[in-house]
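Okay, data01.cif is below, mmCIF, C-alpha atoms:
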```
data_run
loop_
_atom_site.group_PDB
_atom_site.id
_atom_site.type_symbol
_atom_site.label_atom_id
_atom_site.label_comp_id
_atom_site.auth_asym_id
_atom_site.auth_seq_id
_atom_site.Cartn_x
_atom_site.Cartn_y
_atom_site.Cartn_z
ATOM 1 C CA MET A 1 18.225 -29.492 14.642
ATOM 2 C CA LYS A 2 21.278 -27.264 14.515
ATOM 3 C CA THR A 3 20.712 -25.257 17.703
ATOM 4 C CA ALA A 4 22.402 -22.325 19.403
ATOM 5 C CA ILE A 5 21.919 -20.624 22.733
ATOM 6 C CA PHE A 6 23.014 -17.013 22.995
ATOM 7 C CA THR A 7 23.351 -14.678 25.939
ATOM 8 C CA ALA A 8 23.197 -10.891 25.728
ATOM 9 C CA SER A 9 25.023 -8.795 28.304
ATOM 10 C CA PHE A 10 26.576 -5.391 28.907
ATOM 11 C CA ASN A 11 27.865 -4.454 32.358
ATOM 12 C CA ARG A 12 26.430 -6.805 34.985
ATOM 13 C CA PRO A 13 29.124 -9.450 35.555
ATOM 14 C CA ASP A 14 27.551 -10.611 38.822
ATOM 15 C CA LEU A 15 24.362 -11.603 37.003
ATOM 16 C CA MET A 16 26.328 -13.193 34.177
ATOM 17 C CA GLU A 17 28.076 -15.377 36.729
ATOM 18 C CA GLU A 18 24.718 -16.499 38.115
ATOM 19 C CA LEU A 19 23.429 -17.185 34.592
ATOM 20 C CA LEU A 20 26.414 -19.424 33.886
ATOM 21 C CA ASP A 21 25.982 -21.216 37.208
ATOM 22 C CA GLY A 22 22.410 -21.912 36.100
ATOM 23 C CA LEU A 23 23.524 -23.192 32.715
ATOM 24 C CA ALA A 24 26.031 -25.449 34.453
ATOM 25 C CA GLN A 25 23.063 -27.247 36.043
ATOM 26 C CA ASN A 26 21.968 -28.057 32.473
ATOM 27 C CA ILE A 27 25.381 -29.165 31.238
ATOM 28 C CA GLU A 28 24.261 -32.655 30.179
ATOM 29 C CA ASP A 29 21.668 -31.124 27.849
ATOM 30 C CA LEU A 30 24.178 -28.843 26.097
ATOM 31 C CA ASN A 31 26.124 -31.529 24.216
ATOM 32 C CA GLU A 32 24.484 -30.818 20.860
ATOM 33 C CA ILE A 33 24.011 -27.070 21.399
ATOM 34 C CA ASP A 34 26.455 -24.280 20.567
ATOM 35 C CA ILE A 35 26.696 -21.340 22.961
ATOM 36 C CA TYR A 36 27.416 -17.771 21.904
ATOM 37 C CA HIS A 37 27.885 -14.739 24.130
ATOM 38 C CA TYR A 38 27.189 -11.260 22.739
ATOM 39 C CA ILE A 39 28.683 -8.610 25.025
ATOM 40 C CA ASP A 40 27.813 -5.011 24.273
ATOM 41 C CA GLY A 41 30.624 -2.440 24.247
ATOM 42 C CA GLY A 42 31.084 1.240 25.024
ATOM 43 C CA PRO A 43 32.464 3.263 27.945
ATOM 44 C CA ARG A 44 30.320 1.629 30.646
ATOM 45 C CA SER A 45 30.684 -1.918 29.378
ATOM 46 C CA LYS A 46 32.485 -4.563 31.412
ATOM 47 C CA GLN A 47 33.433 -6.774 28.497
ATOM 48 C CA ASP A 48 36.754 -8.000 29.840
ATOM 49 C CA GLU A 49 35.324 -8.840 33.257
ATOM 50 C CA ILE A 50 32.397 -10.703 31.703
ATOM 51 C CA LYS A 51 34.689 -12.540 29.286
ATOM 52 C CA ASN A 52 36.876 -13.706 32.179
ATOM 53 C CA ILE A 53 33.798 -14.989 34.028
ATOM 54 C CA ILE A 54 32.713 -16.922 30.917
ATOM 55 C CA ASP A 55 36.188 -18.419 30.471
ATOM 56 C CA LYS A 56 36.371 -19.515 34.110
ATOM 57 C CA SER A 57 32.820 -20.852 34.307
ATOM 58 C CA GLY A 58 33.541 -24.256 32.799
ATOM 59 C CA VAL A 59 30.468 -23.913 30.565
ATOM 60 C CA PRO A 60 31.700 -24.585 27.003
ATOM 61 C CA TYR A 61 31.057 -21.978 24.346
ATOM 62 C CA THR A 62 31.527 -21.574 20.616
ATOM 63 C CA SER A 63 32.183 -17.836 20.459
ATOM 64 C CA ILE A 64 32.306 -14.631 22.479
ATOM 65 C CA VAL A 65 31.311 -11.619 20.381
ATOM 66 C CA GLN A 66 32.520 -8.356 21.907
ATOM 67 C CA ARG A 67 30.693 -5.432 20.308
ATOM 68 C CA GLU A 68 32.972 -2.533 19.369
ATOM 69 C CA GLU A 69 30.525 0.008 20.800
ATOM 70 C CA ASN A 70 27.328 0.240 22.806
ATOM 71 C CA TYR A 71 24.833 -1.269 20.382
ATOM 72 C CA GLY A 72 22.013 -1.082 22.884
ATOM 73 C CA VAL A 73 19.651 -3.945 23.634
ATOM 74 C CA GLY A 74 17.744 -3.665 20.351
ATOM 75 C CA ARG A 75 20.690 -3.728 17.967
ATOM 76 C CA ASN A 76 22.517 -6.345 20.016
ATOM 77 C CA LEU A 77 19.603 -8.792 20.034
ATOM 78 C CA ILE A 78 18.552 -8.240 16.434
ATOM 79 C CA GLY A 79 22.166 -8.515 15.338
ATOM 80 C CA ALA A 80 22.675 -11.743 17.288
ATOM 81 C CA ARG A 81 19.659 -13.371 15.652
ATOM 82 C CA ARG A 82 20.832 -12.218 12.214
ATOM 83 C CA ASP A 83 24.286 -13.630 12.890
ATOM 84 C CA LEU A 84 23.071 -17.017 14.111
ATOM 85 C CA PHE A 85 20.249 -17.596 11.627
ATOM 86 C CA ASP A 86 21.334 -15.760 8.471
ATOM 87 C CA VAL A 87 25.118 -16.133 8.698
ATOM 88 C CA HIS A 88 25.789 -19.327 10.658
ATOM 89 C CA GLY A 89 22.717 -21.207 9.483
ATOM 90 C CA TYR A 90 21.259 -22.333 12.796
ATOM 91 C CA GLU A 91 17.799 -23.875 12.641
ATOM 92 C CA ARG A 92 16.835 -23.033 16.220
ATOM 93 C CA VAL A 93 17.992 -20.266 18.557
ATOM 94 C CA ILE A 94 17.415 -19.809 22.284
ATOM 95 C CA LEU A 95 17.934 -16.410 23.907
ATOM 96 C CA ILE A 96 18.911 -15.943 27.536
ATOM 97 C CA GLU A 97 19.285 -12.333 28.680
ATOM 98 C CA ASP A 98 21.930 -11.760 31.328
ATOM 99 C CA ASP A 99 19.465 -11.339 34.206
ATOM 100 C CA LEU A 100 17.589 -14.593 33.553
ATOM 101 C CA ILE A 101 19.009 -17.412 35.697
ATOM 102 C CA PRO A 102 18.229 -20.918 34.347
ATOM 103 C CA GLY A 103 17.044 -23.564 36.767
ATOM 104 C CA PRO A 104 17.304 -27.357 36.492
ATOM 105 C CA ASN A 105 15.805 -28.719 33.259
ATOM 106 C CA PHE A 106 15.665 -25.244 31.696
ATOM 107 C CA VAL A 107 17.334 -26.388 28.466
ATOM 108 C CA LYS A 108 15.634 -29.791 28.325
ATOM 109 C CA THR A 109 12.186 -28.251 28.826
ATOM 110 C CA THR A 110 12.817 -25.499 26.254
ATOM 111 C CA ILE A 111 13.778 -28.082 23.643
ATOM 112 C CA ALA A 112 10.828 -30.324 24.575
ATOM 113 C CA VAL A 113 8.305 -27.508 24.167
ATOM 114 C CA ALA A 114 9.909 -26.338 20.915
ATOM 115 C CA ASP A 115 9.917 -29.866 19.451
ATOM 116 C CA TRP A 116 6.275 -30.402 20.414
ATOM 117 C CA ALA A 117 5.310 -26.967 19.017
ATOM 118 C CA ARG A 118 6.569 -27.846 15.536
ATOM 119 C CA ASP A 119 3.400 -29.882 14.994
ATOM 120 C CA TYR A 120 1.385 -26.653 15.020
ATOM 121 C CA ASP A 121 1.542 -23.961 12.369
ATOM 122 C CA ASP A 122 0.435 -21.151 14.693
ATOM 123 C CA ILE A 123 3.092 -21.485 17.433
ATOM 124 C CA GLY A 124 5.865 -19.068 16.579
ATOM 125 C CA MET A 125 7.835 -18.826 19.784
ATOM 126 C CA VAL A 126 8.047 -20.695 23.099
ATOM 127 C CA GLN A 127 9.636 -19.991 26.443
ATOM 128 C CA VAL A 128 9.928 -21.625 29.849
ATOM 129 C CA TRP A 129 9.863 -18.522 32.033
ATOM 130 C CA ASN A 130 6.603 -17.067 33.220
ATOM 131 C CA LEU A 131 4.900 -15.006 35.901
ATOM 132 C CA PRO A 132 1.967 -17.331 36.634
ATOM 133 C CA ASP A 133 -1.163 -15.714 37.986
ATOM 134 C CA ARG A 134 -1.831 -18.596 40.348
ATOM 135 C CA THR A 135 0.006 -21.120 42.469
ATOM 136 C CA VAL A 136 1.761 -23.774 40.377
ATOM 137 C CA SER A 137 2.017 -27.421 41.379
ATOM 138 C CA GLU A 138 3.670 -30.530 39.952
ATOM 139 C CA GLY A 139 0.452 -31.253 38.070
ATOM 140 C CA ASP A 140 0.937 -28.061 36.042
ATOM 141 C CA LEU A 141 4.321 -28.883 34.537
ATOM 142 C CA ASP A 142 2.795 -29.617 31.128
ATOM 143 C CA VAL A 143 0.589 -26.515 31.017
ATOM 144 C CA VAL A 144 1.291 -23.710 28.531
ATOM 145 C CA VAL A 145 -0.370 -20.315 28.187
ATOM 146 C CA PRO A 146 -0.417 -17.764 25.338
ATOM 147 C CA THR A 147 1.427 -14.549 26.175
ATOM 148 C CA HIS A 148 2.844 -11.393 24.612
ATOM 149 C CA GLU A 149 4.889 -10.470 27.673
ATOM 150 C CA HIS A 150 8.403 -10.835 29.066
ATOM 151 C CA PHE A 151 10.973 -11.571 26.368
ATOM 152 C CA TYR A 152 13.832 -12.302 28.786
ATOM 153 C CA THR A 153 14.168 -15.692 27.150
ATOM 154 C CA TYR A 154 12.573 -17.526 24.235
ATOM 155 C CA CYS A 155 13.149 -20.163 21.607
ATOM 156 C CA ILE A 156 12.446 -19.571 17.925
ATOM 157 C CA ASP A 157 12.980 -21.750 14.857
ATOM 158 C CA VAL A 158 14.345 -20.496 11.563
ATOM 159 C CA GLU A 159 11.084 -20.942 9.645
ATOM 160 C CA VAL A 160 9.382 -18.438 11.937
ATOM 161 C CA TRP A 161 12.382 -16.106 11.959
ATOM 162 C CA ASN A 162 12.308 -15.977 8.168
ATOM 163 C CA GLU A 163 8.708 -14.794 8.293
ATOM 164 C CA ILE A 164 9.244 -12.000 10.824
ATOM 165 C CA LYS A 165 12.831 -10.872 10.258
ATOM 166 C CA ASP A 166 12.097 -8.281 7.564
ATOM 167 C CA THR A 167 9.966 -6.375 10.063
ATOM 168 C CA LEU A 168 12.808 -6.422 12.606
ATOM 169 C CA TYR A 169 15.392 -5.408 10.016
ATOM 170 C CA GLU A 170 13.270 -2.519 8.788
ATOM 171 C CA TYR A 171 12.760 -1.308 12.362
ATOM 172 C CA GLU A 172 16.510 -1.569 12.957
ATOM 173 C CA ARG A 173 17.346 0.342 9.767
ATOM 174 C CA LEU A 174 14.855 3.136 10.353
ATOM 175 C CA TYR A 175 15.171 3.686 14.096
ATOM 176 C CA LEU A 176 18.256 2.007 15.577
ATOM 177 C CA ASP A 177 21.185 2.271 13.173
ATOM 178 C CA GLY A 178 23.418 5.224 13.951
ATOM 179 C CA VAL A 179 21.174 6.505 16.748
ATOM 180 C CA SER A 180 21.989 6.489 20.464
ATOM 181 C CA TYR A 181 19.427 4.994 22.809
ATOM 182 C CA GLY A 182 18.486 8.352 24.306
ATOM 183 C CA ASP A 183 17.884 9.889 20.879
ATOM 184 C CA LYS A 184 15.543 7.242 19.501
ATOM 185 C CA ASP A 185 12.316 8.625 18.083
ATOM 186 C CA TRP A 186 9.899 6.558 20.141
ATOM 187 C CA ARG A 187 6.926 8.615 18.989
ATOM 188 C CA ALA A 188 7.703 7.948 15.324
ATOM 189 C CA ILE A 189 8.167 4.241 16.026
ATOM 190 C CA ARG A 190 4.726 4.110 17.561
ATOM 191 C CA LYS A 191 2.955 6.331 15.024
ATOM 192 C CA ARG A 192 4.671 5.509 11.740
ATOM 193 C CA PHE A 193 5.923 1.968 12.248
ATOM 194 C CA MET A 194 3.646 0.240 14.728
ATOM 195 C CA LYS A 195 0.269 1.880 14.096
ATOM 196 C CA PRO A 196 -0.088 0.847 10.405
ATOM 197 C CA ARG A 197 0.666 -2.756 11.347
ATOM 198 C CA TYR A 198 -1.592 -2.574 14.367
ATOM 199 C CA SER A 199 -4.496 -1.580 12.130
ATOM 200 C CA LYS A 200 -4.154 -4.578 9.854
ATOM 201 C CA VAL A 201 -6.419 -7.599 9.990
ATOM 202 C CA ARG A 202 -4.435 -10.444 11.514
ATOM 203 C CA LYS A 203 -3.855 -13.247 9.030
ATOM 204 C CA PRO A 204 -4.820 -16.678 10.399
ATOM 205 C CA ARG A 205 -2.430 -19.556 9.862
ATOM 206 C CA GLN A 206 -3.488 -22.129 7.293
ATOM 207 C CA GLY A 207 -2.064 -25.342 8.745
ATOM 208 C CA ARG A 208 -2.815 -27.270 11.913
ATOM 209 C CA THR A 209 -3.308 -24.833 14.779
ATOM 210 C CA PHE A 210 -2.970 -25.253 18.526
ATOM 211 C CA LEU A 211 -5.642 -22.660 19.343
ATOM 212 C CA ASP A 212 -9.189 -22.922 18.018
ATOM 213 C CA THR A 213 -10.241 -20.579 15.221
ATOM 214 C CA GLU A 214 -12.650 -18.912 17.675
ATOM 215 C CA TYR A 215 -9.840 -18.015 20.077
ATOM 216 C CA PRO A 216 -9.513 -14.208 20.293
ATOM 217 C CA HIS A 217 -6.210 -12.814 19.084
ATOM 218 C CA PRO A 218 -6.067 -9.156 20.151
ATOM 219 C CA PRO A 219 -2.931 -7.199 19.238
ATOM 220 C CA PRO A 220 -0.062 -7.535 21.717
ATOM 221 C CA PHE A 221 -0.766 -4.321 23.631
ATOM 222 C CA GLY A 222 -4.550 -4.222 23.748
ATOM 223 C CA SER A 223 -7.190 -3.093 21.297
ATOM 224 C CA ARG A 224 -5.737 0.443 21.048
ATOM 225 C CA LEU A 225 -2.147 1.507 20.530
ATOM 226 C CA LYS A 226 -1.739 3.781 23.554
ATOM 227 C CA ARG A 227 1.082 6.270 23.929
ATOM 228 C CA THR A 228 2.487 4.230 26.810
ATOM 229 C CA VAL A 229 3.066 1.013 24.867
ATOM 230 C CA PRO A 230 6.669 -0.192 24.603
ATOM 231 C CA THR A 231 8.557 0.492 21.369
ATOM 232 C CA GLY A 232 11.727 -1.556 21.798
ATOM 233 C CA GLN A 233 12.730 -4.579 19.755
ATOM 234 C CA ASP A 234 10.803 -6.922 22.079
ATOM 235 C CA ALA A 235 7.608 -5.030 21.245
ATOM 236 C CA ILE A 236 8.378 -5.150 17.527
ATOM 237 C CA THR A 237 9.079 -8.890 17.757
ATOM 238 C CA ALA A 238 5.717 -9.406 19.468
ATOM 239 C CA LEU A 239 3.986 -7.282 16.848
ATOM 240 C CA ALA A 240 5.661 -9.129 13.962
ATOM 241 C CA LEU A 241 4.617 -12.501 15.386
ATOM 242 C CA TRP A 242 1.023 -11.330 15.840
ATOM 243 C CA GLU A 243 0.889 -9.786 12.356
ATOM 244 C CA LYS A 244 1.975 -13.086 10.785
ATOM 245 C CA GLY A 245 -0.631 -15.059 12.747
ATOM 246 C CA PHE A 246 1.720 -16.630 15.279
ATOM 247 C CA ILE A 247 1.128 -17.125 18.984
ATOM 248 C CA ARG A 248 3.763 -17.234 21.693
ATOM 249 C CA LEU A 249 3.518 -19.832 24.441
ATOM 250 C CA ALA A 250 5.059 -19.935 27.892
ATOM 251 C CA THR A 251 5.012 -22.848 30.296
ATOM 252 C CA LEU A 252 2.857 -22.004 33.290
ATOM 253 C CA ALA A 253 5.586 -23.296 35.608
ATOM 254 C CA PRO A 254 8.773 -21.236 35.192
ATOM 255 C CA ARG A 255 12.106 -23.022 34.810
ATOM 256 C CA ALA A 256 14.174 -19.903 35.507
ATOM 257 C CA VAL A 257 14.185 -16.802 37.703
ATOM 258 C CA MET A 258 14.567 -13.175 36.588
ATOM 259 C CA LYS A 259 16.949 -11.146 38.783
ATOM 260 C CA GLY A 260 17.490 -7.926 36.864
ATOM 261 C CA VAL A 261 16.260 -5.422 39.433
ATOM 262 C CA ASP A 262 18.376 -2.609 38.008
ATOM 263 C CA GLY A 263 18.853 -2.296 34.261
ATOM 264 C CA VAL A 264 18.115 -0.222 31.173
ATOM 265 C CA HIS A 265 14.353 -0.529 31.596
ATOM 266 C CA SER A 266 14.101 -1.526 35.261
ATOM 267 C CA THR A 267 14.334 -0.106 38.758
ATOM 268 C CA ALA A 268 13.378 -1.626 42.082
ATOM 269 C CA LYS A 269 10.007 0.127 41.806
ATOM 270 C CA ILE A 270 9.312 -1.214 38.302
ATOM 271 C CA PHE A 271 10.520 -4.663 39.370
ATOM 272 C CA ASP A 272 7.899 -4.681 42.109
ATOM 273 C CA GLN A 273 5.163 -3.221 39.886
ATOM 274 C CA LEU A 274 5.676 -6.040 37.388
ATOM 275 C CA GLY A 275 5.295 -8.610 40.147
ATOM 276 C CA LEU A 276 8.857 -9.832 39.698
ATOM 277 C CA ASN A 277 9.436 -9.650 43.449
ATOM 278 C CA ALA A 278 7.055 -12.598 43.897
ATOM 279 C CA GLN A 279 8.150 -15.067 41.239
ATOM 280 C CA ALA A 280 7.068 -18.690 41.454
ATOM 281 C CA ASP A 281 9.241 -21.685 42.232
ATOM 282 C CA TYR A 282 11.484 -22.495 39.267
ATOM 283 C CA GLU A 283 13.455 -25.537 40.411
ATOM 284 C CA TRP A 284 11.564 -28.517 39.027
ATOM 285 C CA HIS A 285 13.415 -31.832 39.044
ATOM 286 C CA GLN A 286 10.528 -33.987 37.799
ATOM 287 C CA ALA A 287 10.602 -35.693 34.396
ATOM 288 C CA VAL A 288 10.188 -33.188 31.570
ATOM 289 C CA PRO A 289 6.881 -33.544 29.653
ATOM 290 C CA THR A 290 6.930 -34.180 25.918
ATOM 291 C CA THR A 291 3.414 -32.907 25.222
ATOM 292 C CA PHE A 292 1.716 -29.799 26.548
ATOM 293 C CA ARG A 293 -1.801 -28.482 27.104
ATOM 294 C CA LEU A 294 -3.780 -25.355 27.909
ATOM 295 C CA PRO A 295 -4.956 -24.865 31.526
#
```
Let's see the structure in the file written out as structure tokens.
Amino acid sequence: MKTAIFTASFNRPDLMEELLDGLAQNIEDLNEIDIYHYIDGGPRSKQDEIKNIIDKSGVPYTSIVQREENYGVGRNLIGARRDLFDVHGYERVILIEDDLIPGPNFVKTTIAVADWARDYDDIGMVQVWNLPDRTVSEGDLDVVVPTHEHFYTYCIDVEVWNEIKDTLYEYERLYLDGVSYGDKDWRAIRKRFMKPRYSKVRKPRQGRTFLDTEYPHPPPFGSRLKRTVPTGQDAITALALWEKGFIRLATLAPRAVMKGVDGVHSTAKIFDQLGLNAQADYEWHQAVPTTFRLP
């Protein structure tokens, strides 16, 4: 499949350097994959510094896209997916945010899970980063779990993107275009955009499914749309997947580590509250599975 990896960054060159060091551990698995870097712009951006780090890293890339202004996370990520799928015609896209540091076999495992998932009509997105709720051992390397959380990285194929993209584009048009991050109408997003979709009956997939028909599929943020639910593009992506009947799977054993303590949506306190200060081992050198199972 024609595959691209893209990174999204803004002003954290130290993390970008670590990300590239992680990708360098996967260099043998990047031969058939194009790499794009989308660097947000604006007064606080460190585009030139990040570009220099990319150039010096030794990790090959196809393109560096330097945004002319501060798009914000939502516009940058939606725009990157539009560019890669709709314009360049990629069949599979893997996102790595700038604070997600790949470990050994990160790329190989992502591709293995995505290839295996194509046999099931209900798997819309896969990822190989997770916050497991129990100790992980070598015997768990082929275990996957459904999740709506943590979109720091994921892999999505074009067939799924084509089913959910109109929802993302509408969200972008109504609430992101021409609006600064601080001025976004989060209440309207929740009430006018998310709530009508949240109230719909989820449509089951018609083909072969990984999860049994009896498996419960609650909306991404619980049975009620509370005022505290997130309203960013990650939340809208999760909602669009759920609305179309897709599930999102993560390997129980993470193959990367998240290091973004300070960012747009994070502080040291939030980092700890999310449990990110106690992430599981992510350096697995064992053979990568080709089939996967529930716990």
What is the distance between atom CA of Met258 of chain A and atom CA of Gly58 of chain A, in Å to one decimal?
22.3 Å
Report the residues retrieved by the PyMOL selection byres ((chain A and resi 76-85) around 10) from the displayed file, expressed as an mmCIF file with C-alpha atoms, in the frame of the given file.
```
data_model
loop_
_atom_site.group_PDB
_atom_site.id
_atom_site.type_symbol
_atom_site.label_atom_id
_atom_site.label_comp_id
_atom_site.auth_asym_id
_atom_site.auth_seq_id
_atom_site.Cartn_x
_atom_site.Cartn_y
_atom_site.Cartn_z
ATOM 1 C CA THR A 3 20.712 -25.257 17.703
ATOM 2 C CA ALA A 4 22.402 -22.325 19.403
ATOM 3 C CA ILE A 5 21.919 -20.624 22.733
ATOM 4 C CA PHE A 6 23.014 -17.013 22.995
ATOM 5 C CA THR A 7 23.351 -14.678 25.939
ATOM 6 C CA ALA A 8 23.197 -10.891 25.728
ATOM 7 C CA SER A 9 25.023 -8.795 28.304
ATOM 8 C CA PHE A 10 26.576 -5.391 28.907
ATOM 9 C CA TYR A 36 27.416 -17.771 21.904
ATOM 10 C CA HIS A 37 27.885 -14.739 24.130
ATOM 11 C CA TYR A 38 27.189 -11.260 22.739
ATOM 12 C CA ILE A 39 28.683 -8.610 25.025
ATOM 13 C CA ASP A 40 27.813 -5.011 24.273
ATOM 14 C CA GLY A 41 30.624 -2.440 24.247
ATOM 15 C CA VAL A 65 31.311 -11.619 20.381
ATOM 16 C CA ARG A 67 30.693 -5.432 20.308
ATOM 17 C CA ASN A 70 27.328 0.240 22.806
ATOM 18 C CA TYR A 71 24.833 -1.269 20.382
ATOM 19 C CA GLY A 72 22.013 -1.082 22.884
ATOM 20 C CA VAL A 73 19.651 -3.945 23.634
ATOM 21 C CA GLY A 74 17.744 -3.665 20.351
ATOM 22 C CA ARG A 75 20.690 -3.728 17.967
ATOM 23 C CA ASP A 86 21.334 -15.760 8.471
ATOM 24 C CA VAL A 87 25.118 -16.133 8.698
ATOM 25 C CA HIS A 88 25.789 -19.327 10.658
ATOM 26 C CA GLY A 89 22.717 -21.207 9.483
ATOM 27 C CA TYR A 90 21.259 -22.333 12.796
ATOM 28 C CA GLU A 91 17.799 -23.875 12.641
ATOM 29 C CA ARG A 92 16.835 -23.033 16.220
ATOM 30 C CA VAL A 93 17.992 -20.266 18.557
ATOM 31 C CA ILE A 94 17.415 -19.809 22.284
ATOM 32 C CA LEU A 95 17.934 -16.410 23.907
ATOM 33 C CA GLU A 97 19.285 -12.333 28.680
ATOM 34 C CA ILE A 156 12.446 -19.571 17.925
ATOM 35 C CA ASP A 157 12.980 -21.750 14.857
ATOM 36 C CA VAL A 158 14.345 -20.496 11.563
ATOM 37 C CA GLU A 159 11.084 -20.942 9.645
ATOM 38 C CA TRP A 161 12.382 -16.106 11.959
ATOM 39 C CA ASN A 162 12.308 -15.977 8.168
ATOM 40 C CA LYS A 165 12.831 -10.872 10.258
ATOM 41 C CA LEU A 168 12.808 -6.422 12.606
ATOM 42 C CA TYR A 169 15.392 -5.408 10.016
ATOM 43 C CA TYR A 171 12.760 -1.308 12.362
ATOM 44 C CA GLU A 172 16.510 -1.569 12.957
ATOM 45 C CA GLN A 233 12.730 -4.579 19.755
ATOM 46 C CA ASP A 234 10.803 -6.922 22.079
ATOM 47 C CA THR A 237 9.079 -8.890 17.757
#
```
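Under the PyMOL selection byres ((chain A and resi 289) around 8), the matching residues in the shown file are Thr109, Ala112, Leu141, Asp142, Ala287, Val288, Thr290, Thr291 and Phe292 of chain A.
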Output C-alpha atoms for every residue in that selection, as a CSV table (one decimal), in the coordinates of the input.
```csv
chain,number,residue,atom,x,y,z
A,109,THR,CA,12.2,-28.3,28.8
A,112,ALA,CA,10.8,-30.3,24.6
A,141,LEU,CA,4.3,-28.9,34.5
A,142,ASP,CA,2.8,-29.6,31.1
A,287,ALA,CA,10.6,-35.7,34.4
A,288,VAL,CA,10.2,-33.2,31.6
A,290,THR,CA,6.9,-34.2,25.9
A,291,THR,CA,3.4,-32.9,25.2
A,292,PHE,CA,1.7,-29.8,26.5
```
What residues come out when you apply the PyMOL selection byres ((chain A and resi 216) around 12) to this file, written as a list of chain:residue names?
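That selection, the PyMOL selection byres ((chain A and resi 216) around 12), comes back as A:Pro146, A:Arg202, A:Pro204, A:Leu211, A:Asp212, A:Thr213, A:Glu214, A:Tyr215, A:His217, A:Pro218, A:Pro219, A:Pro220, A:Gly222, A:Ser223, A:Trp242, A:Gly245, A:Ile247.
Separating atom CA of Glu283 of chain A from atom CA of Met125 of chain A is a distance of 22.4 Å.
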For Val59 of chain A, which residue among A:Gly178, A:Gly232, A:Pro43, A:Gly22 is the nearest when counting only C-alpha atoms?
A:Gly22
Under the rule that only C-alpha atoms are counted, which of A:Val143, A:Ala253, A:Lys195, A:Gln286 is the nearest residue to Trp129 of chain A?
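Smallest distance to Trp129 of chain A is found for A:Ala253.
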Between atom CA of Arg190 of chain A and atom CA of Leu131 of chain A, what is the distance, to one decimal in Å?
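So the answer is 26.5 Å.
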